[in-house]
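Structure data follow from final03.txt (compact mmCIF, C-alpha atoms and all ligand atoms):
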# COMPACT_ATOMS: atom_id res chain seq x y z
CA ARG M 1 122.70 56.10 112.82
CA ARG M 2 125.41 55.08 115.27
CA ALA M 3 125.84 55.79 118.97
CA PRO M 4 128.83 57.96 119.97
CA ILE M 5 131.83 56.29 121.55
CA GLN M 6 132.37 57.16 125.21
CA GLY M 7 135.12 57.02 127.81
CA THR M 8 136.59 59.01 130.66
CA TYR M 9 139.74 61.04 131.31
CA ARG M 10 140.71 62.11 134.82
CA GLY M 11 137.13 62.24 135.98
CA HIS M 12 135.78 63.83 132.77
CA GLU M 13 133.45 62.08 130.36
CA ILE M 14 134.64 62.05 126.72
CA ILE M 15 132.01 61.63 123.98
CA SER M 16 133.32 61.27 120.43
CA MET M 17 132.84 59.78 116.98
CA PRO M 18 132.42 55.99 116.63
CA PRO M 19 133.56 53.85 113.70
CA SER M 20 133.60 54.16 110.76
CA SER M 21 135.65 57.09 112.08
CA THR M 22 138.77 56.01 113.91
CA GLY M 23 138.95 59.31 115.79
CA GLY M 24 136.98 58.48 118.92
CA MET M 25 138.66 55.11 119.41
CA ALA M 26 142.18 56.48 119.00
CA LEU M 27 141.46 59.55 121.16
CA LEU M 28 140.07 57.44 124.01
CA GLN M 29 142.92 54.95 123.83
CA MET M 30 145.50 57.76 123.98
CA LEU M 31 143.73 59.47 126.89
CA ASN M 32 143.51 56.15 128.75
CA ILE M 33 147.24 55.63 128.32
CA LEU M 34 148.08 59.19 129.37
CA GLU M 35 145.90 59.00 132.47
CA GLY M 36 148.67 56.91 134.03
CA TYR M 37 151.17 59.77 133.91
CA ASP M 38 151.37 63.07 135.74
CA LEU M 39 151.70 65.23 132.62
CA ALA M 40 151.15 68.46 134.53
CA ALA M 41 154.11 67.71 136.81
CA SER M 42 156.39 67.21 133.82
CA GLY M 43 155.14 70.42 132.23
CA PHE M 44 153.74 71.48 128.86
CA GLY M 45 156.28 71.16 126.05
CA SER M 46 158.76 69.12 128.12
CA ALA M 47 160.57 66.29 126.36
CA GLU M 48 158.92 63.92 128.84
CA VAL M 49 155.40 65.01 127.85
CA VAL M 50 156.13 65.03 124.11
CA HIS M 51 157.71 61.57 124.48
CA LEU M 52 154.79 60.08 126.44
CA MET M 53 152.16 61.60 124.15
CA THR M 54 154.08 60.37 121.11
CA GLU M 55 154.21 56.84 122.47
CA ALA M 56 150.44 56.98 123.09
CA MET M 57 149.90 58.28 119.52
CA ARG M 58 152.13 55.55 118.06
CA ARG M 59 150.15 52.79 119.78
CA ALA M 60 146.70 54.19 118.99
CA PHE M 61 147.55 54.72 115.33
CA ALA M 62 148.90 51.15 115.09
CA ASP M 63 145.63 49.79 116.54
CA ARG M 64 143.68 52.09 114.24
CA ALA M 65 145.39 50.46 111.25
CA ARG M 66 145.11 46.99 112.64
CA TYR M 67 141.48 46.93 113.73
CA VAL M 68 139.30 49.84 112.63
CA GLY M 69 137.06 50.09 109.56
CA ASP M 70 133.35 50.22 108.71
CA PRO M 71 131.65 48.20 111.50
CA ASP M 72 129.21 46.68 108.99
CA PHE M 73 132.21 45.00 107.39
CA ASN M 74 134.28 44.43 110.55
CA PRO M 75 131.83 42.96 113.06
CA ALA M 76 134.66 41.54 115.18
CA MET M 77 136.36 44.90 115.90
CA PRO M 78 137.32 44.65 119.59
CA MET M 79 136.16 48.19 120.30
CA ALA M 80 135.35 47.73 124.00
CA LEU M 81 138.81 46.26 124.57
CA LEU M 82 140.61 48.95 122.55
CA ILE M 83 139.12 51.73 124.68
CA SER M 84 139.32 49.94 128.04
CA LYS M 85 141.43 51.12 130.97
CA SER M 86 142.91 47.63 131.41
CA TYR M 87 144.17 47.54 127.82
CA ALA M 88 145.68 51.01 128.29
CA GLU M 89 147.50 49.65 131.32
CA GLN M 90 148.95 46.85 129.21
CA LEU M 91 150.03 49.36 126.58
CA ARG M 92 151.60 51.63 129.23
CA ALA M 93 153.70 48.70 130.37
CA THR M 94 155.31 48.63 126.89
CA ILE M 95 156.36 52.30 127.08
CA ARG M 96 159.92 53.02 128.18
CA ILE M 97 160.40 56.40 129.74
CA ASP M 98 163.96 56.78 128.46
CA ARG M 99 163.59 55.44 124.96
CA ALA M 100 161.37 55.70 121.89
CA SER M 101 159.68 52.45 120.76
CA ALA M 102 159.95 51.55 117.09
CA SER M 103 157.06 51.61 114.63
CA SER M 104 157.27 48.73 112.20
CA PRO M 105 155.00 48.08 109.21
CA THR M 106 155.52 44.38 109.87
CA SER M 107 154.61 44.47 113.57
CA PHE M 108 151.43 42.52 112.85
CA GLU M 109 150.08 40.58 109.93
CA TRP M 110 148.52 42.27 106.90
CA PRO M 111 146.50 40.38 104.27
CA ALA M 112 148.39 48.25 103.07
CA GLU M 113 144.98 55.40 103.60
CA GLY M 114 144.44 59.82 103.32
CA GLN M 115 143.95 65.40 104.22
CA GLU M 116 139.38 70.50 102.98
CA THR M 117 137.42 69.55 105.92
CA THR M 118 135.40 71.83 108.21
CA HIS M 119 134.78 71.58 111.92
CA VAL M 120 131.97 73.39 113.79
CA SER M 121 131.51 73.45 117.58
CA VAL M 122 128.14 74.79 118.83
CA VAL M 123 126.52 75.35 122.23
CA ASP M 124 122.97 76.73 122.45
CA ALA M 125 121.16 78.79 125.10
CA ASP M 126 120.22 75.61 126.98
CA ARG M 127 123.88 74.54 126.98
CA GLN M 128 123.24 71.73 124.57
CA ALA M 129 126.32 71.00 122.48
CA VAL M 130 127.01 69.84 118.95
CA SER M 131 130.43 68.86 117.62
CA LEU M 132 130.42 68.42 113.82
CA THR M 133 133.22 67.66 111.41
CA TYR M 134 132.27 67.57 107.73
CA THR M 135 134.80 66.21 105.28
CA LEU M 136 134.96 66.90 101.54
CA GLU M 137 138.65 66.03 101.31
CA GLN M 138 140.82 68.66 99.64
CA SER M 139 139.68 71.61 97.47
CA TYR M 140 135.89 71.26 97.26
CA GLY M 141 135.98 67.47 97.25
CA SER M 142 134.89 65.98 93.95
CA LYS M 143 133.89 69.53 92.79
CA ILE M 144 130.38 68.24 91.95
CA VAL M 145 127.37 70.08 93.39
CA VAL M 146 124.16 68.06 93.72
CA SER M 147 121.68 69.99 91.60
CA GLY M 148 118.79 71.39 93.54
CA ALA M 149 120.32 70.31 96.85
CA GLY M 150 123.12 72.86 97.18
CA PHE M 151 125.86 70.69 98.60
CA LEU M 152 129.10 69.33 97.25
CA LEU M 153 129.98 65.67 96.93
CA ASN M 154 133.11 64.60 98.73
CA ASN M 155 136.17 62.87 97.38
CA GLU M 156 136.69 60.34 100.10
CA MET M 157 137.94 57.24 98.28
CA GLY M 158 141.46 58.18 99.39
CA ASP M 159 140.46 57.38 102.96
CA PHE M 160 140.26 53.69 102.08
CA ASN M 161 143.52 51.78 102.39
CA ALA M 162 145.09 51.73 98.94
CA ALA M 163 145.83 48.04 98.42
CA PRO M 164 146.24 44.86 100.48
CA GLY M 165 149.74 44.47 101.86
CA LEU M 166 150.73 48.01 100.99
CA THR M 167 151.86 49.06 104.46
CA ASP M 168 155.21 50.78 104.46
CA SER M 169 157.44 52.88 106.62
CA ALA M 170 156.39 56.02 104.70
CA GLY M 171 152.84 55.73 106.10
CA LEU M 172 150.89 53.87 103.43
CA ILE M 173 148.46 51.53 105.20
CA GLY M 174 147.21 48.33 103.57
CA THR M 175 145.48 46.55 106.42
CA GLU M 176 142.30 44.55 105.94
CA PRO M 177 139.58 46.40 107.93
CA ASN M 178 139.67 49.47 105.69
CA LEU M 179 140.17 48.01 102.21
CA ALA M 180 137.64 49.36 99.69
CA ALA M 181 134.53 47.24 99.02
CA PRO M 182 131.12 47.93 97.46
CA GLY M 183 128.81 49.68 99.93
CA LYS M 184 131.60 50.12 102.48
CA ARG M 185 132.30 53.42 104.22
CA MET M 186 135.94 54.51 104.40
CA ALA M 187 137.71 54.92 107.74
CA SER M 188 137.85 58.59 108.61
CA SER M 189 139.99 60.38 111.20
CA MET M 190 137.29 62.91 112.06
CA THR M 191 137.13 63.35 115.84
CA PRO M 192 134.24 65.67 116.75
CA THR M 193 134.29 65.50 120.55
CA ILE M 194 132.35 66.68 123.61
CA VAL M 195 133.93 66.58 127.08
CA THR M 196 131.70 66.71 130.14
CA LYS M 197 132.42 66.66 133.86
CA ASP M 198 129.89 64.93 136.10
CA GLY M 199 127.55 64.94 133.13
CA LYS M 200 127.83 68.72 132.66
CA LEU M 201 129.28 70.29 129.55
CA LEU M 202 132.95 71.35 129.66
CA LEU M 203 134.33 71.38 126.12
CA VAL M 204 133.24 71.00 122.48
CA THR M 205 135.97 70.60 119.89
CA GLY M 206 137.22 69.08 116.63
CA SER M 207 139.44 69.91 113.67
CA PRO M 208 140.27 69.22 110.04
CA GLY M 209 143.70 67.83 109.12
CA GLY M 210 143.49 64.18 108.03
CA ARG M 211 145.20 61.86 110.45
CA THR M 212 146.54 64.83 112.47
CA ILE M 213 142.94 65.54 113.55
CA ILE M 214 143.03 62.90 116.25
CA ASN M 215 146.21 64.25 117.80
CA THR M 216 145.02 67.87 117.54
CA VAL M 217 141.90 66.98 119.54
CA LEU M 218 143.99 64.99 122.02
CA GLN M 219 146.31 67.94 122.64
CA THR M 220 143.42 70.40 123.04
CA ILE M 221 141.87 68.20 125.76
CA VAL M 222 145.18 67.58 127.53
CA ASN M 223 146.01 71.31 127.39
CA VAL M 224 142.74 72.13 129.18
CA ILE M 225 142.62 69.27 131.69
CA ASP M 226 146.28 68.66 132.50
CA PHE M 227 147.90 72.01 131.78
CA GLU M 228 144.93 74.12 132.93
CA MET M 229 145.10 76.41 129.90
CA ASN M 230 142.21 78.68 129.04
CA ILE M 231 140.51 77.65 125.83
CA GLN M 232 142.32 80.09 123.51
CA GLU M 233 145.68 79.12 125.02
CA ALA M 234 144.81 75.47 124.47
CA ILE M 235 144.06 76.10 120.78
CA ASP M 236 147.05 78.41 120.20
CA ALA M 237 149.59 76.10 121.87
CA PRO M 238 152.04 74.50 119.45
CA ARG M 239 151.14 71.00 118.29
CA PHE M 240 152.97 67.87 117.27
CA HIS M 241 151.98 64.63 115.57
CA HIS M 242 153.00 60.99 115.45
CA GLN M 243 150.92 58.46 113.50
CA TRP M 244 152.83 55.22 114.01
CA LEU M 245 154.12 55.27 110.42
CA PRO M 246 156.09 57.13 109.28
CA ASP M 247 157.91 56.70 112.58
CA GLN M 248 158.60 60.37 113.30
CA ILE M 249 157.43 63.26 115.43
CA SER M 250 156.45 66.23 113.29
CA TYR M 251 156.22 69.46 115.25
CA GLU M 252 154.99 72.93 114.33
CA ARG M 253 157.72 75.42 113.53
CA ASP M 254 159.07 76.95 116.79
CA GLY M 255 156.78 74.59 118.70
CA LEU M 256 159.56 72.69 120.47
CA SER M 257 162.69 74.24 121.92
CA PRO M 258 166.09 73.13 120.57
CA ASP M 259 166.79 71.54 123.99
CA THR M 260 163.58 69.53 123.84
CA ILE M 261 164.35 68.38 120.30
CA ALA M 262 167.82 67.25 121.39
CA LEU M 263 166.35 65.31 124.32
CA LEU M 264 163.79 63.63 122.08
CA LYS M 265 166.48 62.66 119.57
CA SER M 266 168.61 61.23 122.37
CA ARG M 267 165.65 58.98 123.27
CA GLY M 268 165.64 57.75 119.67
CA HIS M 269 162.77 59.77 118.16
CA PRO M 270 163.21 60.98 114.58
CA VAL M 271 161.96 64.60 114.63
CA ASN M 272 160.78 66.77 111.70
CA VAL M 273 159.43 70.28 111.46
CA ARG M 274 156.07 71.01 109.75
CA VAL M 275 154.28 74.23 108.91
CA ARG M 276 151.06 74.01 110.92
CA GLN M 277 148.75 71.32 112.24
CA GLY M 278 144.98 71.49 112.06
CA ALA M 279 142.37 74.20 112.54
CA ALA M 280 140.64 73.25 115.78
CA GLN M 281 137.52 75.12 116.85
CA ALA M 282 136.54 74.90 120.49
CA ILE M 283 134.04 76.16 123.03
CA ARG M 284 134.53 75.88 126.76
CA TYR M 285 131.64 76.18 129.18
CA ASP M 286 132.28 77.52 132.67
CA GLU M 287 129.33 76.38 134.74
CA ALA M 288 130.22 78.55 137.75
CA THR M 289 129.83 81.77 135.76
CA ASP M 290 127.55 80.32 133.05
CA ARG M 291 130.04 81.70 130.52
CA LEU M 292 130.85 80.29 127.12
CA GLU M 293 134.35 80.92 125.77
CA GLY M 294 134.86 80.32 122.05
CA ALA M 295 138.34 79.83 120.63
CA PRO M 296 138.94 79.98 116.87
CA ASP M 297 142.16 78.51 115.53
CA ARG M 298 144.24 81.41 114.26
CA ARG M 299 146.25 79.03 112.08
CA ASN M 300 143.34 79.22 109.62
CA ALA M 301 142.11 82.54 108.21
CA GLY M 302 138.53 81.20 108.00
CA SER M 303 138.19 80.44 111.73
CA THR M 304 135.78 82.46 113.87
CA ALA M 305 134.05 82.36 117.24
CA LEU M 306 130.60 83.95 117.29
CA GLY M 307 128.04 84.54 120.07
CA TYR M 308 124.36 85.25 119.33
O1 LIG M 401 137.75 61.90 107.08
C1 LIG M 401 138.97 62.09 107.09
O2 LIG M 401 139.71 61.68 107.94
C2 LIG M 401 139.60 62.95 105.98
N1 LIG M 401 138.73 62.91 104.80
C3 LIG M 401 139.82 64.35 106.50
C4 LIG M 401 140.50 65.22 105.44
C5 LIG M 401 140.90 66.56 105.97
O3 LIG M 401 140.81 66.83 107.15
C6 LIG M 401 141.48 67.51 104.96
N2 LIG M 401 141.76 68.78 105.58
N3 LIG M 401 142.60 69.42 105.87
Please re-express this file's structure in structure tokens.
Amino acid sequence: RRAPIQGTYRGHEIISMPPSSTGGMALLQMLNILEGYDLAASGFGSAEVVHLMTEAMRRAFADRARYVGDPDFNPAMPMALLISKSYAEQLRATIRIDRASASSPTSFEWPAEGQETTHVSVVDADRQAVSLTYTLEQSYGSKIVVSGAGFLLNNEMGDFNAAPGLTDSAGLIGTEPNLAAPGKRMASSMTPTIVTKDGKLLLVTGSPGGRTIINTVLQTIVNVIDFEMNIQEAIDAPRFHHQWLPDQISYERDGLSPDTIALLKSRGHPVNVRVRQGAAQAIRYDEATDRLEGAPDRRNAGSTALGY
């Protein structure tokens, strides 16, 4: 049993998954970085916002590779530092507004990771919230059902880093904290997250999607807090992803305008189109009206929002 990881974003409390998932750490680091910018003034989908969010993603994913793995095997993980506001300030100072940074597999020393996962967001009559992501890996995991128990075993070995030193520009990660070892739990990207404001529930969310999960959750939160979208708008809005390596922004088809793409390229960002990103499920609680709004992700035919 491990305590959730906690931080804040523009006066909201963010409660998310601790290691051995990397999701909470990366999400909090990205939100801390982005807190220093007026995203709303630049506007949703602007090259400025995509650039700044990409630079936050690049840095969080680099730290994820460098530091995060099963805490039982990585007792020195500097988690408090990684999610601190002062560290985010240092990272912000390395971001140029007019230019993409470069991701390099040799930017720190190595002694060289992995996408069917389900996310459920729940709020009960007492407004207690649960955010749960359950990963099998692809296609029914290992396809083995535990007899008498009724659940499938996962196929998670692919979430360990493949081999020491195997970190390359294509996105293979071979860093030490997440190398496979007996009894060790692999580093996940699951990011089941609860956002509260003054201790009161605001948002419950999460998603499948491998490493894109972290950025999908980030964008859902930013869409609600910075861009003041209602919860379905926040889920429907086009998404993009940058994971340090490969050093590229992948964006959902029709999700960025040709002008925005040209501006991003002129800043030095390689840009690629992808089909769709994630299947986030979210609930927003409006305390003033005591209303719950559920938003299923229409990218996935299995998504639903139900009220009982
Ligand atoms: O825990 C993780 O990060 C991965 N096993 C998640 C895989 C996943 O989301 C596959 N789904 N699309």
Show me, as JSON lines, the residues of chain M having an atom within 8 Å of ligand LIG 401 (chain M), each with the closest atom pair and its distance in Å, using all atoms listed in the file.
{"residue": "M:Ser21", "atom": "CA", "partner": "M:LIG401", "partner_atom": "O1", "distance": 7.2}
{"residue": "M:Gly114", "atom": "CA", "partner": "M:LIG401", "partner_atom": "C2", "distance": 6.3}
{"residue": "M:Gln115", "atom": "CA", "partner": "M:LIG401", "partner_atom": "C6", "distance": 3.3}
{"residue": "M:Glu116", "atom": "CA", "partner": "M:LIG401", "partner_atom": "N2", "distance": 3.9}
{"residue": "M:Thr117", "atom": "CA", "partner": "M:LIG401", "partner_atom": "N2", "distance": 4.4}
{"residue": "M:Thr118", "atom": "CA", "partner": "M:LIG401", "partner_atom": "O3", "distance": 7.4}
{"residue": "M:Tyr134", "atom": "CA", "partner": "M:LIG401", "partner_atom": "O1", "distance": 7.9}
{"residue": "M:Thr135", "atom": "CA", "partner": "M:LIG401", "partner_atom": "N1", "distance": 5.2}
{"residue": "M:Leu136", "atom": "CA", "partner": "M:LIG401", "partner_atom": "N1", "distance": 6.4}
{"residue": "M:Glu137", "atom": "CA", "partner": "M:LIG401", "partner_atom": "C4", "distance": 4.6}
{"residue": "M:Gln138", "atom": "CA", "partner": "M:LIG401", "partner_atom": "C6", "distance": 5.5}
{"residue": "M:Asn155", "atom": "CA", "partner": "M:LIG401", "partner_atom": "N1", "distance": 7.8}
{"residue": "M:Glu156", "atom": "CA", "partner": "M:LIG401", "partner_atom": "N1", "distance": 5.7}
{"residue": "M:Gly158", "atom": "CA", "partner": "M:LIG401", "partner_atom": "N1", "distance": 7.7}
{"residue": "M:Asp159", "atom": "CA", "partner": "M:LIG401", "partner_atom": "N1", "distance": 6.1}
{"residue": "M:Ala187", "atom": "CA", "partner": "M:LIG401", "partner_atom": "O1", "distance": 7.0}
{"residue": "M:Ser188", "atom": "CA", "partner": "M:LIG401", "partner_atom": "O1", "distance": 3.6}
{"residue": "M:Ser189", "atom": "CA", "partner": "M:LIG401", "partner_atom": "O2", "distance": 3.5}
{"residue": "M:Met190", "atom": "CA", "partner": "M:LIG401", "partner_atom": "O2", "distance": 4.9}
{"residue": "M:Ser207", "atom": "CA", "partner": "M:LIG401", "partner_atom": "O3", "distance": 7.3}
{"residue": "M:Pro208", "atom": "CA", "partner": "M:LIG401", "partner_atom": "O3", "distance": 3.8}
{"residue": "M:Gly209", "atom": "CA", "partner": "M:LIG401", "partner_atom": "O3", "distance": 3.6}
{"residue": "M:Gly210", "atom": "CA", "partner": "M:LIG401", "partner_atom": "O3", "distance": 3.9}
{"residue": "M:Arg211", "atom": "CA", "partner": "M:LIG401", "partner_atom": "O2", "distance": 6.0}
{"residue": "M:Ile213", "atom": "CA", "partner": "M:LIG401", "partner_atom": "O3", "distance": 6.9}
{"residue": "M:Gly278", "atom": "CA", "partner": "M:LIG401", "partner_atom": "N3", "distance": 6.9}
Distance query 8 Å from (154.6, 63.9, 113.2) using only C-alpha atoms, result as a PyMOL selection string
chain M and resi 240-243+246-251+271-272
Need the neighbours of (131.2, 49.9, 102.9): which residues are at most 10 Å away, counting all atoms listed in the file, as a PyMOL selection string?
chain M and resi 20+69-74+160+178-187
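The smallest atom-to-atom distance between Thr220 in chain M and any of M:Ala234, M:Ala26, M:Val50, M:Ala279, using all atoms listed in the file, is found for M:Ala234.
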Here is a test: counting all atoms listed in the file, which residue of M:Val122, M:Ala62, M:Ala56, M:Val68 is nearest to Ile95 in chain M?
M:Ala56
Near Ser84 in chain M, within 10 Å and counting only C-alpha atoms, which residues show up once chain neighbours fewer than 6 positions away are dropped, as number ranges by chain?
M: 7-8, 28-29, 32-33
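Picture a line from CA of Ser42 in chain M to CA of Ile231 in chain M; it runs 20.6 Å.
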Give me, please, the distance in Å between CA of Thr22 in chain M and CA of Val273 in chain M, quoted to one decimal.
25.2 Å
